[in-house]
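Student: First, the structure itself, so that you have it in front of you.
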Amino acid sequence: MTIIRRTILHDGFESLAVVDAAAGVRPGILLFPNVLGTKEADFAYAERVAALGYAVLVADVFGQGNRTTRADPDAGRFMNALNADRAMMRDRVAAAHAVLKDMAEVDAARTAAIGFCFGGKCVLDLARSGADIAGGVSFHGVYDAPPFPNATIGAKLLICHGWDDPIAPPEATVALAKELTQAGCDWQIHAYGHTGHAFTDESVHMPEKGLAYSPDADRRSFRAMADFLGDLFA
């Protein structure tokens with residue numbers, strides 16, 4: 001297995017394809033990053049997913065060059081622009097999906113999406129838009145629905161959630177479950193006790209704010225994702 005990375009420029013955005021150079025056409029996975037935008041941690045995670053037998057696109061939804069760091073006092077500015085315009089966010093995640101489906105390595109009829117924090121919200125909004133993804137996985141995501149009606153949700157959804165997440169408290173998690181149930185969606189929530197936000201991110205250690213890496217939740221959620229994708233594309 002030879003995993004390679006390939007930059008894809010599209011309409012002012014810069015995404016990264018991560019694929020096994022020796023494999024043929026296979027299911028495609030969109031990976032939506034967190035508030036900071038695409039970065040090395042996302043590319044490394046994409047390599048782990050590609051090693052499972054998928055072609056992965058780490059999706060840029062902020063625009064080429066629009067990246068931040070935790071040291072930036074306005075680290076959320078690109079995310080906030082999309083949160084303020086959920087129709088634009090819907091269009092951008094749909095455009096990223098179209099780029100994934102256009103990749104030579106991808107079976108366009110067999111795609112899914114995964115995302116972290118704000119990226120989990122991107123996964124949910126892609127599903128809410130009625131996109132023809134088979135499924136989606138949100139890791140420590142953000143659950144508020146857009147201010148307009150959803151399309152029919154055909155995707156199956158796996159929500160990997162830290163129960164002590166201050167960004168998605170229990171009432172927000174229950175609201176998401178009610179929303180997806182009313183939509184007739186095939187959904188499941190895996191909640192990890194004594195776990196806060198950003199539990200897959202090894203660079204985060206702010207327990208006083210409810211943000212911290214959890215090796216156990218990271219390992220368990222990766223296994224849950226692998227099983228979920230395996231079921232989708234069996």
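How things are named: the first chain in the structure tokens is A, the next is B, and so on; residues count from 1 in each chain; ligands count from 1 in the order shown.
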So which bits of region 105-172 of chain A end up alpha helix (DSSP H) when you DSSP the backbone, as JSON, numbers by chain?

Tutor: {"A": [118, 119, 120, 121, 122, 123, 124, 125, 126, 127, 128, 170, 171, 172]}

Student: Given only C-alpha atoms, how would the per-residue table for region 106-143 of chain A near region 222-234 of chain A read, listing every residue at most 10 Å away with its closest atom pair and distance in Å to one decimal, sorted by chain and number, as a Markdown table?

Tutor:
```
| residue | atom | partner | partner_atom | distance |
| --- | --- | --- | --- | --- |
| A:Arg110 | CA | A:Phe233 | CA | 7.3 |
| A:Thr111 | CA | A:Phe233 | CA | 8.8 |
| A:Ala112 | CA | A:Leu229 | CA | 7.9 |
| A:Ala113 | CA | A:Leu229 | CA | 9.7 |
| A:Ile114 | CA | A:Met225 | CA | 8.6 |
| A:Ala134 | CA | A:Leu232 | CA | 6.6 |
| A:Gly135 | CA | A:Leu232 | CA | 7.1 |
| A:Gly136 | CA | A:Leu229 | CA | 8.7 |
| A:Val137 | CA | A:Met225 | CA | 6.8 |
| A:Ser138 | CA | A:Met225 | CA | 9.3 |
| A:Phe139 | CA | A:Phe222 | CA | 9.4 |
```

Student: Using Å and a single decimal, report how far CA of Ser203 (chain A) sits from CA of Phe13 (chain A).

Tutor: 25.4 Å

Student: Let me make sure I understand: among A:Gly162, A:Val58, A:Ser129, A:Ala172, which one has the smallest atom-to-atom distance to Ile29 (chain A) if we use only C-alpha atoms?

Tutor: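 Among A:Gly162, A:Val58, A:Ser129, A:Ala172, it is A:Val58 that comes nearest to Ile29 (chain A).
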
Student: What are the nearest atom pairs, with distances in Å to one decimal, for all residues of region 45-117 of chain A that come at most 9 Å from region 1-6 of chain A, using only C-alpha atoms, set out by chain and rising residue number as JSON lines?

Tutor:
```
{"residue": "A:Glu47", "atom": "CA", "partner": "A:Ile3", "partner_atom": "CA", "distance": 6.8}
{"residue": "A:Ala50", "atom": "CA", "partner": "A:Ile3", "partner_atom": "CA", "distance": 7.4}
{"residue": "A:Ala51", "atom": "CA", "partner": "A:Ile3", "partner_atom": "CA", "distance": 7.6}
```

Student: For those residues, write all heavy atoms to a file as an mmCIF file, in the first residue's frame.

Tutor:
```cif
data_model
loop_
_atom_site.group_PDB
_atom_site.id
_atom_site.type_symbol
_atom_site.label_atom_id
_atom_site.label_comp_id
_atom_site.auth_asym_id
_atom_site.auth_seq_id
_atom_site.Cartn_x
_atom_site.Cartn_y
_atom_site.Cartn_z
ATOM 1 N N GLU A 47 -5.054 9.671 6.089
ATOM 2 C CA GLU A 47 -4.226 8.525 5.705
ATOM 3 C C GLU A 47 -4.681 7.256 6.424
ATOM 4 O O GLU A 47 -4.684 6.166 5.841
ATOM 5 C CB GLU A 47 -2.756 8.821 5.994
ATOM 6 C CG GLU A 47 -2.165 9.866 5.056
ATOM 7 C CD GLU A 47 -0.656 10.033 5.233
ATOM 8 O OE1 GLU A 47 -0.096 9.469 6.201
ATOM 9 O OE2 GLU A 47 -0.041 10.708 4.380
ATOM 10 N N ALA A 50 -7.797 6.203 4.603
ATOM 11 C CA ALA A 50 -7.450 5.663 3.291
ATOM 12 C C ALA A 50 -6.911 4.246 3.413
ATOM 13 O O ALA A 50 -7.159 3.393 2.543
ATOM 14 C CB ALA A 50 -6.429 6.563 2.601
ATOM 15 N N ALA A 51 -6.183 3.966 4.501
ATOM 16 C CA ALA A 51 -5.633 2.631 4.713
ATOM 17 C C ALA A 51 -6.716 1.586 4.949
ATOM 18 O O ALA A 51 -6.462 0.378 4.817
ATOM 19 C CB ALA A 51 -4.658 2.649 5.889
#
```

Student: Pick out each residue of region 58-181 of chain A that DSSP on the backbone tags as strand (DSSP E); I need them as a list in words.

Tutor: Val58, Val106, Asp107, Ala108, Ala109, Arg110, Thr111, Ala112, Ala113, Ile114, Gly115, Phe116, Gly135, Gly136, Val137, Ser138, Phe139, Lys156, Leu157, Leu158, Ile159, Cys160, His161 and Gly162 of chain A

Student: Output N, CA and C atoms of each residue in that selection to a file, as an mmCIF file, in the first residue's frame.

Tutor:
```cif
data_model
loop_
_atom_site.group_PDB
_atom_site.id
_atom_site.type_symbol
_atom_site.label_atom_id
_atom_site.label_comp_id
_atom_site.auth_asym_id
_atom_site.auth_seq_id
_atom_site.Cartn_x
_atom_site.Cartn_y
_atom_site.Cartn_z
ATOM 1 N N VAL A 58 -9.826 15.640 1.962
ATOM 2 C CA VAL A 58 -9.862 16.596 3.077
ATOM 3 C C VAL A 58 -10.357 17.912 2.500
ATOM 4 N N VAL A 106 -12.628 7.493 -7.111
ATOM 5 C CA VAL A 106 -13.855 7.380 -6.328
ATOM 6 C C VAL A 106 -15.008 6.813 -7.148
ATOM 7 N N ASP A 107 -15.706 5.847 -6.558
ATOM 8 C CA ASP A 107 -16.988 5.390 -7.066
ATOM 9 C C ASP A 107 -18.022 6.423 -6.639
ATOM 10 N N ALA A 108 -18.475 7.244 -7.566
ATOM 11 C CA ALA A 108 -19.333 8.384 -7.238
ATOM 12 C C ALA A 108 -20.668 7.971 -6.642
ATOM 13 N N ALA A 109 -21.055 6.723 -6.809
ATOM 14 C CA ALA A 109 -22.307 6.239 -6.236
ATOM 15 C C ALA A 109 -22.132 5.726 -4.811
ATOM 16 N N ARG A 110 -20.890 5.760 -4.299
ATOM 17 C CA ARG A 110 -20.612 5.210 -2.967
ATOM 18 C C ARG A 110 -19.727 6.194 -2.203
ATOM 19 N N THR A 111 -20.361 7.159 -1.541
ATOM 20 C CA THR A 111 -19.616 8.181 -0.810
ATOM 21 C C THR A 111 -20.193 8.358 0.588
ATOM 22 N N ALA A 112 -19.357 8.909 1.480
ATOM 23 C CA ALA A 112 -19.763 9.226 2.843
ATOM 24 C C ALA A 112 -18.947 10.427 3.295
ATOM 25 N N ALA A 113 -19.250 10.934 4.483
ATOM 26 C CA ALA A 113 -18.548 12.096 5.011
ATOM 27 C C ALA A 113 -18.273 11.904 6.490
ATOM 28 N N ILE A 114 -17.124 12.429 6.937
ATOM 29 C CA ILE A 114 -16.801 12.476 8.351
ATOM 30 C C ILE A 114 -16.331 13.888 8.670
ATOM 31 N N GLY A 115 -16.458 14.291 9.941
ATOM 32 C CA GLY A 115 -16.031 15.640 10.282
ATOM 33 C C GLY A 115 -15.850 15.816 11.768
ATOM 34 N N PHE A 116 -15.036 16.811 12.125
ATOM 35 C CA PHE A 116 -14.613 17.037 13.493
ATOM 36 C C PHE A 116 -15.028 18.430 13.947
ATOM 37 N N GLY A 135 -23.707 7.810 4.096
ATOM 38 C CA GLY A 135 -23.715 8.031 5.525
ATOM 39 C C GLY A 135 -22.768 9.124 5.935
ATOM 40 N N GLY A 136 -22.816 9.463 7.225
ATOM 41 C CA GLY A 136 -21.941 10.492 7.756
ATOM 42 C C GLY A 136 -21.597 10.203 9.198
ATOM 43 N N VAL A 137 -20.404 10.638 9.598
ATOM 44 C CA VAL A 137 -19.942 10.477 10.983
ATOM 45 C C VAL A 137 -19.514 11.835 11.509
ATOM 46 N N SER A 138 -20.088 12.233 12.630
ATOM 47 C CA SER A 138 -19.719 13.467 13.316
ATOM 48 C C SER A 138 -18.940 13.114 14.571
ATOM 49 N N PHE A 139 -17.735 13.695 14.709
ATOM 50 C CA PHE A 139 -16.938 13.548 15.917
ATOM 51 C C PHE A 139 -16.979 14.866 16.684
ATOM 52 N N LYS A 156 -27.400 7.564 6.449
ATOM 53 C CA LYS A 156 -27.324 7.045 7.807
ATOM 54 C C LYS A 156 -26.277 7.863 8.561
ATOM 55 N N LEU A 157 -26.520 8.089 9.859
ATOM 56 C CA LEU A 157 -25.640 8.970 10.610
ATOM 57 C C LEU A 157 -25.156 8.320 11.899
ATOM 58 N N LEU A 158 -23.870 8.503 12.174
ATOM 59 C CA LEU A 158 -23.244 8.089 13.424
ATOM 60 C C LEU A 158 -22.708 9.348 14.103
ATOM 61 N N ILE A 159 -23.161 9.584 15.325
ATOM 62 C CA ILE A 159 -22.731 10.748 16.096
ATOM 63 C C ILE A 159 -21.847 10.248 17.235
ATOM 64 N N CYS A 160 -20.558 10.591 17.200
ATOM 65 C CA CYS A 160 -19.616 10.223 18.257
ATOM 66 C C CYS A 160 -19.443 11.452 19.155
ATOM 67 N N HIS A 161 -19.875 11.323 20.399
ATOM 68 C CA HIS A 161 -20.136 12.498 21.238
ATOM 69 C C HIS A 161 -19.528 12.345 22.622
ATOM 70 N N GLY A 162 -18.859 13.376 23.092
ATOM 71 C CA GLY A 162 -18.410 13.433 24.474
ATOM 72 C C GLY A 162 -19.528 13.965 25.357
#
```

Student: Rounded to one decimal in Å, what is the spacing between CA of Phe78 (chain A) and CA of Gly37 (chain A)?

Tutor: 8.5 Å

Student: Please indicate the distance in Å from CA of Ala212 (chain A) to CA of Ala177 (chain A), rounded to one decimal place.

Tutor: 24.4 Å

Student: Skip Thr68 (chain A) itself and residues of its chain fewer than 3 positions away, then list as a ChimeraX atom specification all residues within 8 Å of it, counting only C-alpha atoms.

Tutor: /A:35-37,72,75-76

Student: What's around Pro33 (chain A) at 9 Å? Count only C-alpha atoms, leave out sequence neighbours fewer than 6 positions away in its own chain, and write the answer as a PyMOL selection string.

Tutor: chain A and resi 39+42+58-61+114-120+122

Student: Which residues are near Ser214 (chain A)? Cut-off 12 Å, only C-alpha atoms, ignore same chain within fewer than 5 positions. Put them as a PyMOL selection string.

Tutor: chain A and resi 140+161-162+192-207+219-221

Student: Pull C-alpha atoms from the residues just selected and write them as an mmCIF file, in the first residue's frame.

Tutor:
```
data_model
loop_
_atom_site.group_PDB
_atom_site.id
_atom_site.type_symbol
_atom_site.label_atom_id
_atom_site.label_comp_id
_atom_site.auth_asym_id
_atom_site.auth_seq_id
_atom_site.Cartn_x
_atom_site.Cartn_y
_atom_site.Cartn_z
ATOM 1 C CA HIS A 140 -17.563 16.012 18.796
ATOM 2 C CA HIS A 161 -20.136 12.498 21.238
ATOM 3 C CA GLY A 162 -18.410 13.433 24.474
ATOM 4 C CA TYR A 192 -18.475 8.721 25.821
ATOM 5 C CA GLY A 193 -18.642 9.405 29.550
ATOM 6 C CA HIS A 194 -16.229 11.776 31.296
ATOM 7 C CA THR A 195 -15.322 13.124 27.844
ATOM 8 C CA GLY A 196 -15.516 16.691 26.582
ATOM 9 C CA HIS A 197 -15.065 18.458 23.280
ATOM 10 C CA ALA A 198 -12.200 17.812 20.825
ATOM 11 C CA PHE A 199 -11.548 14.302 22.129
ATOM 12 C CA THR A 200 -9.815 13.213 18.891
ATOM 13 C CA ASP A 201 -7.370 16.134 18.879
ATOM 14 C CA GLU A 202 -4.031 15.305 20.516
ATOM 15 C CA SER A 203 -2.998 18.971 20.492
ATOM 16 C CA VAL A 204 -5.842 20.064 22.782
ATOM 17 C CA HIS A 205 -5.461 20.194 26.549
ATOM 18 C CA MET A 206 -7.867 22.717 28.048
ATOM 19 C CA PRO A 207 -9.839 20.643 30.554
ATOM 20 C CA ARG A 219 -9.703 4.907 19.791
ATOM 21 C CA ARG A 220 -13.306 3.880 20.340
ATOM 22 C CA SER A 221 -14.706 6.435 17.910
#
```

Student: Leaving out Asp11 (chain A) and any residue of its chain fewer than 6 positions from it, which residues lie within 10 Å of it when counting only C-alpha atoms, given as a ChimeraX atom specification?

Tutor: /A:63-64,95

Student: Ranking A:Tyr213, A:Phe43, A:Tyr54, A:Trp163 by minimum distance to Leu100 (chain A) and counting only C-alpha atoms, which one comes first?

Tutor: A:Tyr54

Student: Fewer than 5 positions away in the same chain doesn't count, so skip those; otherwise give me all residues within 6 Å of Gly130 (chain A), counting only C-alpha atoms, as a CSV table (one decimal) with N, CA and C atoms, in the first residue's frame.

Tutor:
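That gives us out_12.csv:
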```
chain,number,residue,atom,x,y,z
A,151,ALA,N,-34.0,19.0,3.6
A,151,ALA,CA,-34.5,18.1,2.6
A,151,ALA,C,-34.6,16.7,3.3
A,152,THR,N,-35.1,15.8,2.5
A,152,THR,CA,-35.2,14.4,3.1
A,152,THR,C,-33.8,13.9,3.3
A,153,ILE,N,-33.6,13.4,4.5
A,153,ILE,CA,-32.2,12.9,4.9
A,153,ILE,C,-32.2,11.4,4.5
```
